[in-house]
>>> print(open('work38.cif').read())   # mmCIF, C-alpha atoms
data_target
loop_
_atom_site.label_atom_id
_atom_site.label_comp_id
_atom_site.auth_asym_id
_atom_site.auth_seq_id
_atom_site.Cartn_x
_atom_site.Cartn_y
_atom_site.Cartn_z
CA MET A 104 -8.21 -23.53 -14.90
CA TYR A 105 -10.30 -24.09 -11.77
CA LEU A 106 -7.97 -26.86 -10.64
CA LYS A 107 -4.96 -24.54 -10.94
CA LEU A 108 -6.74 -21.78 -8.99
CA PHE A 109 -7.88 -24.24 -6.32
CA SER A 110 -4.36 -25.65 -5.96
CA LYS A 111 -2.90 -22.13 -5.50
CA ILE A 112 -5.47 -21.23 -2.87
CA PHE A 113 -4.89 -24.55 -1.10
CA SER A 114 -1.12 -23.97 -1.22
CA MET A 115 -1.53 -20.50 0.28
CA ILE A 116 -3.61 -21.88 3.13
CA ILE A 117 -1.05 -24.63 3.80
CA VAL A 118 1.79 -22.07 3.86
CA LEU A 119 -0.20 -19.86 6.23
CA ILE A 120 -0.96 -22.75 8.58
CA PHE A 121 2.71 -23.80 8.51
CA GLN A 122 3.88 -20.26 9.32
CA VAL A 123 1.36 -19.49 12.03
CA SER A 124 1.13 -22.80 13.85
CA PHE A 125 4.40 -24.66 13.32
CA ILE A 126 7.20 -22.12 12.84
CA SER A 127 5.96 -19.76 15.55
CA SER A 128 6.04 -22.57 18.12
CA LEU A 129 9.70 -23.48 17.51
CA PRO A 130 12.50 -22.43 19.90
CA ALA A 131 13.68 -18.83 20.11
CA GLY A 132 16.12 -18.47 17.20
CA ILE A 133 14.26 -20.57 14.68
CA SER A 134 10.81 -19.13 15.41
CA ASN A 135 11.86 -15.81 13.85
CA VAL A 136 12.22 -17.34 10.37
CA ASN A 137 9.65 -15.87 8.02
CA PHE A 138 8.74 -18.81 5.80
CA VAL A 139 6.29 -16.70 3.79
CA LEU A 140 9.02 -14.24 2.82
CA VAL A 141 11.42 -17.03 1.83
CA LEU A 142 8.67 -18.57 -0.31
CA LEU A 143 7.98 -15.21 -1.96
CA ILE A 144 11.66 -14.79 -2.85
CA LEU A 145 11.70 -18.27 -4.36
CA ILE A 146 8.57 -17.50 -6.37
CA LEU A 147 10.16 -14.25 -7.51
CA GLY A 148 13.31 -16.03 -8.61
CA PHE A 149 11.81 -19.08 -10.26
CA SER A 150 8.44 -17.86 -11.52
CA SER A 151 7.57 -14.25 -12.31
CA TYR A 152 7.21 -10.87 -10.69
CA LYS A 153 3.46 -10.83 -11.26
CA GLU A 154 3.05 -14.22 -9.59
CA ALA A 155 5.11 -13.08 -6.58
CA MET A 156 3.01 -9.93 -6.22
CA LEU A 157 -0.23 -11.92 -6.30
CA TRP A 158 1.11 -14.30 -3.66
CA SER A 159 2.34 -11.39 -1.51
CA MET A 160 -1.05 -9.68 -1.60
CA SER A 161 -2.95 -12.89 -0.84
CA LEU A 162 -0.65 -14.14 1.90
CA GLY A 163 -0.35 -10.64 3.35
CA LEU A 164 -4.10 -10.34 3.75
CA LEU A 165 -4.26 -13.79 5.32
CA LEU A 166 -1.36 -13.03 7.68
CA ASP A 167 -2.95 -9.74 8.70
CA MET A 168 -5.69 -11.72 10.41
CA PHE A 169 -3.15 -13.35 12.73
CA ASN A 170 -0.82 -10.43 13.53
CA PHE A 171 -1.24 -7.96 16.35
CA VAL A 172 -0.41 -4.89 14.28
CA PHE A 173 -2.77 -2.59 12.38
CA PHE A 174 -4.61 -4.30 9.54
CA GLY A 175 -2.79 -3.88 6.23
CA ILE A 176 0.72 -3.36 7.57
CA THR A 177 1.80 -6.91 6.79
CA THR A 178 0.29 -6.78 3.31
CA LEU A 179 1.90 -3.45 2.51
CA SER A 180 5.26 -4.57 3.89
CA LEU A 181 5.24 -7.80 1.87
CA PHE A 182 4.18 -5.91 -1.24
CA VAL A 183 6.95 -3.31 -0.92
CA THR A 184 9.54 -5.95 0.00
CA VAL A 185 8.76 -8.01 -3.10
CA TYR A 186 8.89 -4.84 -5.22
CA PHE A 187 12.36 -3.85 -3.96
CA SER A 188 13.57 -7.45 -4.07
CA ASN A 189 12.58 -7.60 -7.74
CA PHE A 190 14.45 -4.34 -8.35
CA LEU A 191 17.57 -5.79 -6.72
CA LEU A 192 17.22 -9.10 -8.55
CA GLU A 193 16.87 -7.45 -11.95
CA ASN A 194 19.35 -4.55 -11.62
CA VAL A 195 21.95 -5.35 -8.97
CA LEU A 196 22.13 -9.11 -8.46
CA THR A 197 22.12 -10.18 -12.08
CA ASN A 198 23.31 -13.79 -11.86
CA ARG A 199 20.88 -16.19 -10.25
CA SER A 200 23.03 -18.35 -8.04
CA LEU A 201 22.57 -19.71 -4.54
CA TYR A 202 24.58 -16.83 -3.07
CA THR A 203 22.35 -14.34 -4.85
CA PHE A 204 19.21 -15.86 -3.36
CA ILE A 205 20.76 -16.00 0.11
CA ALA A 206 21.74 -12.32 -0.12
CA LEU A 207 18.33 -11.41 -1.51
CA THR A 208 16.56 -13.30 1.28
CA LEU A 209 18.67 -11.58 3.93
CA PHE A 210 17.97 -8.18 2.39
CA ALA A 211 14.27 -8.93 2.14
CA SER A 212 14.10 -10.07 5.76
CA VAL A 213 15.80 -6.93 7.05
CA PHE A 214 13.74 -4.66 4.80
CA TYR A 215 10.50 -6.41 5.81
CA GLU A 216 11.18 -6.02 9.53
CA ILE A 217 12.20 -2.36 9.15
CA SER A 218 9.09 -1.58 7.09
CA ILE A 219 6.86 -3.30 9.67
CA VAL A 220 8.37 -1.16 12.45
CA PHE A 221 8.16 2.13 10.53
CA LEU A 222 4.61 1.52 9.32
CA ASN A 223 3.54 0.57 12.84
CA ILE A 224 5.06 3.79 14.22
CA PHE A 225 3.44 5.83 11.43
CA TYR A 226 -0.02 4.40 12.09
CA SER A 227 0.41 4.80 15.85
CA LEU A 228 1.33 8.48 15.49
CA GLU A 229 -1.54 9.02 13.07
CA ASN A 230 -4.02 7.58 15.55
CA LEU A 231 -2.66 9.79 18.34
CA GLY A 232 -3.39 12.89 16.28
CA TYR A 233 0.10 13.95 15.20
#
>>> encode(input="work38.cif", output="structure tokens")
Amino acid sequence: MYLKLFSKIFSMIIVLIFQVSFISSLPAGISNVNFVLVLLILILGFSSYKEAMLWSMSLGLLLDMFNFVFFGITTLSLFVTVYFSNFLLENVLTNRSLYTFIALTLFASVFYEISIVFLNIFYSLENLGY
């Protein structure tokens, strides 16, 4: 049990290091790939919803330390993106093929970026007193 927990924590740290240090230093088009989100969609498809939610909460909190937005926005955006991706995977995209995962990853990427922008605007307006 402890070995399984340790391996998951170690895997999360490796994914975080890969996202923050390697992918962000790539050239312009490739540096925008969100490896964490792709990994969460793969966990959602091949493992379980509960496992994907645990990974999204853990990786979101770790990524919040390295982002220049308000603390919690990345965690909340990942959490909501995995929730809606699960809804799409279960109700709309019923067959689990390669095309389904590509479409789900594209949807999740767009939804994640939109939720980051809207939550950032919401927190900015809240801090200004509106």
>>> resolve_selection(input="work38.cif", expression="the PyMOL selection byres ((chain A and resi 210) around 12)", output="ChimeraX atom specification")
/A:140-141,144,184-185,187-192,196,203-209,211-217
>>> closest_residue(input="work38.cif", among="A:Gly148, A:Val183, A:Phe174, A:Glu154", to="Leu201 of chain A", atoms="all atoms listed in the file")
A:Gly148
>>> residues_around(input="work38.cif", residues="Gln122 of chain A", least_positions_apart="3", cutoff="12 Å", atoms="only C-alpha atoms", output="number ranges by chain")
A: 115-119, 125-129, 133-142, 162, 165-166, 169-170
>>> closest_residue(input="work38.cif", among="A:Glu193, A:Leu147, A:Ala131, A:Trp158", to="Ser114 of chain A", atoms="all atoms listed in the file")
A:Trp158
>>> closest_residue(input="work38.cif", among="A:Leu181, A:Ser161, A:Met168, A:Ile219", to="Phe113 of chain A", atoms="only C-alpha atoms")
A:Ser161
>>> closest_residue(input="work38.cif", among="A:Val123, A:Leu228, A:Ile112, A:Leu106", to="Leu157 of chain A", atoms="all atoms listed in the file")
A:Ile112
>>> axis_aligned_box(input="work38.cif", around="segment 116-134 of chain A", padding_each_side="5 Å", output="AutoDock Vina command-line options")
--center_x 6.3 --center_y -21.6 --center_z 11.6 --size_x 29.7 --size_y 16.2 --size_z 27.0
>>> atom_distance(input="work38.cif", atom1="atom CA of Asn223 of chain A", atom2="atom CA of Leu164 of chain A")
16.1 Å
>>> atom_distance(input="work38.cif", atom1="atom CA of Thr197 of chain A", atom2="atom CA of Lys153 of chain A")
18.7 Å
>>> atom_distance(input="work38.cif", atom1="atom CA of Ser124 of chain A", atom2="atom CA of Met160 of chain A")
20.4 Å
>>> build_atoms(input="work38.cif", residues="segment 115-148 of chain A", atoms="N, CA and C atoms", output="PDB file, in the frame of the given file")
ATOM      1  N   MET A 115      -1.630 -21.677  -0.569  1.00  0.00           N
ATOM      2  CA  MET A 115      -1.530 -20.500   0.280  1.00  0.00           C
ATOM      3  C   MET A 115      -2.015 -20.793   1.698  1.00  0.00           C
ATOM      4  N   ILE A 116      -3.081 -21.541   1.811  1.00  0.00           N
ATOM      5  CA  ILE A 116      -3.610 -21.880   3.130  1.00  0.00           C
ATOM      6  C   ILE A 116      -2.641 -22.787   3.872  1.00  0.00           C
ATOM      7  N   ILE A 117      -2.027 -23.732   3.177  1.00  0.00           N
ATOM      8  CA  ILE A 117      -1.050 -24.630   3.800  1.00  0.00           C
ATOM      9  C   ILE A 117       0.168 -23.840   4.281  1.00  0.00           C
ATOM     10  N   VAL A 118       0.654 -22.906   3.472  1.00  0.00           N
ATOM     11  CA  VAL A 118       1.790 -22.070   3.860  1.00  0.00           C
ATOM     12  C   VAL A 118       1.429 -21.223   5.082  1.00  0.00           C
ATOM     13  N   LEU A 119       0.241 -20.669   5.095  1.00  0.00           N
ATOM     14  CA  LEU A 119      -0.200 -19.860   6.230  1.00  0.00           C
ATOM     15  C   LEU A 119      -0.291 -20.703   7.498  1.00  0.00           C
ATOM     16  N   ILE A 120      -0.860 -21.881   7.406  1.00  0.00           N
ATOM     17  CA  ILE A 120      -0.960 -22.750   8.580  1.00  0.00           C
ATOM     18  C   ILE A 120       0.432 -23.139   9.062  1.00  0.00           C
ATOM     19  N   PHE A 121       1.347 -23.438   8.138  1.00  0.00           N
ATOM     20  CA  PHE A 121       2.710 -23.800   8.510  1.00  0.00           C
ATOM     21  C   PHE A 121       3.412 -22.643   9.213  1.00  0.00           C
ATOM     22  N   GLN A 122       3.236 -21.425   8.724  1.00  0.00           N
ATOM     23  CA  GLN A 122       3.880 -20.260   9.320  1.00  0.00           C
ATOM     24  C   GLN A 122       3.302 -19.941  10.696  1.00  0.00           C
ATOM     25  N   VAL A 123       2.005 -19.928  10.794  1.00  0.00           N
ATOM     26  CA  VAL A 123       1.360 -19.490  12.030  1.00  0.00           C
ATOM     27  C   VAL A 123       1.428 -20.544  13.129  1.00  0.00           C
ATOM     28  N   SER A 124       1.224 -21.795  12.787  1.00  0.00           N
ATOM     29  CA  SER A 124       1.130 -22.800  13.850  1.00  0.00           C
ATOM     30  C   SER A 124       2.439 -23.534  14.118  1.00  0.00           C
ATOM     31  N   PHE A 125       3.209 -23.843  13.093  1.00  0.00           N
ATOM     32  CA  PHE A 125       4.400 -24.660  13.320  1.00  0.00           C
ATOM     33  C   PHE A 125       5.644 -23.820  13.590  1.00  0.00           C
ATOM     34  N   ILE A 126       5.951 -22.889  12.705  1.00  0.00           N
ATOM     35  CA  ILE A 126       7.200 -22.120  12.840  1.00  0.00           C
ATOM     36  C   ILE A 126       7.163 -21.223  14.071  1.00  0.00           C
ATOM     37  N   SER A 127       6.022 -20.647  14.389  1.00  0.00           N
ATOM     38  CA  SER A 127       5.960 -19.760  15.550  1.00  0.00           C
ATOM     39  C   SER A 127       6.089 -20.504  16.875  1.00  0.00           C
ATOM     40  N   SER A 128       5.918 -21.813  16.877  1.00  0.00           N
ATOM     41  CA  SER A 128       6.040 -22.570  18.120  1.00  0.00           C
ATOM     42  C   SER A 128       7.421 -23.210  18.290  1.00  0.00           C
ATOM     43  N   LEU A 129       8.340 -22.954  17.394  1.00  0.00           N
ATOM     44  CA  LEU A 129       9.700 -23.480  17.510  1.00  0.00           C
ATOM     45  C   LEU A 129      10.495 -22.689  18.543  1.00  0.00           C
ATOM     46  N   PRO A 130      11.684 -23.172  18.924  1.00  0.00           N
ATOM     47  CA  PRO A 130      12.500 -22.430  19.900  1.00  0.00           C
ATOM     48  C   PRO A 130      12.895 -21.044  19.400  1.00  0.00           C
ATOM     49  N   ALA A 131      13.494 -20.264  20.287  1.00  0.00           N
ATOM     50  CA  ALA A 131      13.680 -18.830  20.110  1.00  0.00           C
ATOM     51  C   ALA A 131      14.316 -18.415  18.786  1.00  0.00           C
ATOM     52  N   GLY A 132      15.446 -18.944  18.407  1.00  0.00           N
ATOM     53  CA  GLY A 132      16.120 -18.470  17.200  1.00  0.00           C
ATOM     54  C   GLY A 132      15.425 -18.871  15.914  1.00  0.00           C
ATOM     55  N   ILE A 133      14.855 -20.049  15.905  1.00  0.00           N
ATOM     56  CA  ILE A 133      14.260 -20.570  14.680  1.00  0.00           C
ATOM     57  C   ILE A 133      12.850 -20.024  14.476  1.00  0.00           C
ATOM     58  N   SER A 134      12.187 -19.608  15.540  1.00  0.00           N
ATOM     59  CA  SER A 134      10.810 -19.130  15.410  1.00  0.00           C
ATOM     60  C   SER A 134      10.733 -17.772  14.704  1.00  0.00           C
ATOM     61  N   ASN A 135      11.857 -17.100  14.526  1.00  0.00           N
ATOM     62  CA  ASN A 135      11.860 -15.810  13.850  1.00  0.00           C
ATOM     63  C   ASN A 135      11.981 -15.929  12.338  1.00  0.00           C
ATOM     64  N   VAL A 136      12.118 -17.134  11.814  1.00  0.00           N
ATOM     65  CA  VAL A 136      12.220 -17.340  10.370  1.00  0.00           C
ATOM     66  C   VAL A 136      10.869 -17.031   9.742  1.00  0.00           C
ATOM     67  N   ASN A 137      10.883 -16.210   8.719  1.00  0.00           N
ATOM     68  CA  ASN A 137       9.650 -15.870   8.020  1.00  0.00           C
ATOM     69  C   ASN A 137       9.558 -16.737   6.769  1.00  0.00           C
ATOM     70  N   PHE A 138       8.863 -17.852   6.895  1.00  0.00           N
ATOM     71  CA  PHE A 138       8.740 -18.810   5.800  1.00  0.00           C
ATOM     72  C   PHE A 138       8.007 -18.198   4.616  1.00  0.00           C
ATOM     73  N   VAL A 139       7.052 -17.338   4.865  1.00  0.00           N
ATOM     74  CA  VAL A 139       6.290 -16.700   3.790  1.00  0.00           C
ATOM     75  C   VAL A 139       7.216 -15.842   2.934  1.00  0.00           C
ATOM     76  N   LEU A 140       8.101 -15.106   3.562  1.00  0.00           N
ATOM     77  CA  LEU A 140       9.020 -14.240   2.820  1.00  0.00           C
ATOM     78  C   LEU A 140      10.026 -15.068   2.005  1.00  0.00           C
ATOM     79  N   VAL A 141      10.511 -16.147   2.571  1.00  0.00           N
ATOM     80  CA  VAL A 141      11.420 -17.030   1.830  1.00  0.00           C
ATOM     81  C   VAL A 141      10.705 -17.626   0.620  1.00  0.00           C
ATOM     82  N   LEU A 142       9.455 -18.031   0.802  1.00  0.00           N
ATOM     83  CA  LEU A 142       8.670 -18.570  -0.310  1.00  0.00           C
ATOM     84  C   LEU A 142       8.437 -17.516  -1.389  1.00  0.00           C
ATOM     85  N   LEU A 143       8.183 -16.280  -0.977  1.00  0.00           N
ATOM     86  CA  LEU A 143       7.980 -15.210  -1.960  1.00  0.00           C
ATOM     87  C   LEU A 143       9.244 -14.920  -2.761  1.00  0.00           C
ATOM     88  N   ILE A 144      10.401 -14.991  -2.127  1.00  0.00           N
ATOM     89  CA  ILE A 144      11.660 -14.790  -2.850  1.00  0.00           C
ATOM     90  C   ILE A 144      11.891 -15.927  -3.838  1.00  0.00           C
ATOM     91  N   LEU A 145      11.561 -17.142  -3.438  1.00  0.00           N
ATOM     92  CA  LEU A 145      11.700 -18.270  -4.360  1.00  0.00           C
ATOM     93  C   LEU A 145      10.738 -18.154  -5.537  1.00  0.00           C
ATOM     94  N   ILE A 146       9.517 -17.717  -5.279  1.00  0.00           N
ATOM     95  CA  ILE A 146       8.570 -17.500  -6.370  1.00  0.00           C
ATOM     96  C   ILE A 146       9.058 -16.394  -7.284  1.00  0.00           C
ATOM     97  N   LEU A 147       9.617 -15.349  -6.712  1.00  0.00           N
ATOM     98  CA  LEU A 147      10.160 -14.250  -7.510  1.00  0.00           C
ATOM     99  C   LEU A 147      11.313 -14.711  -8.382  1.00  0.00           C
ATOM    100  N   GLY A 148      12.154 -15.572  -7.848  1.00  0.00           N
ATOM    101  CA  GLY A 148      13.310 -16.030  -8.610  1.00  0.00           C
ATOM    102  C   GLY A 148      12.979 -17.063  -9.665  1.00  0.00           C
TER     103      GLY A 148
END
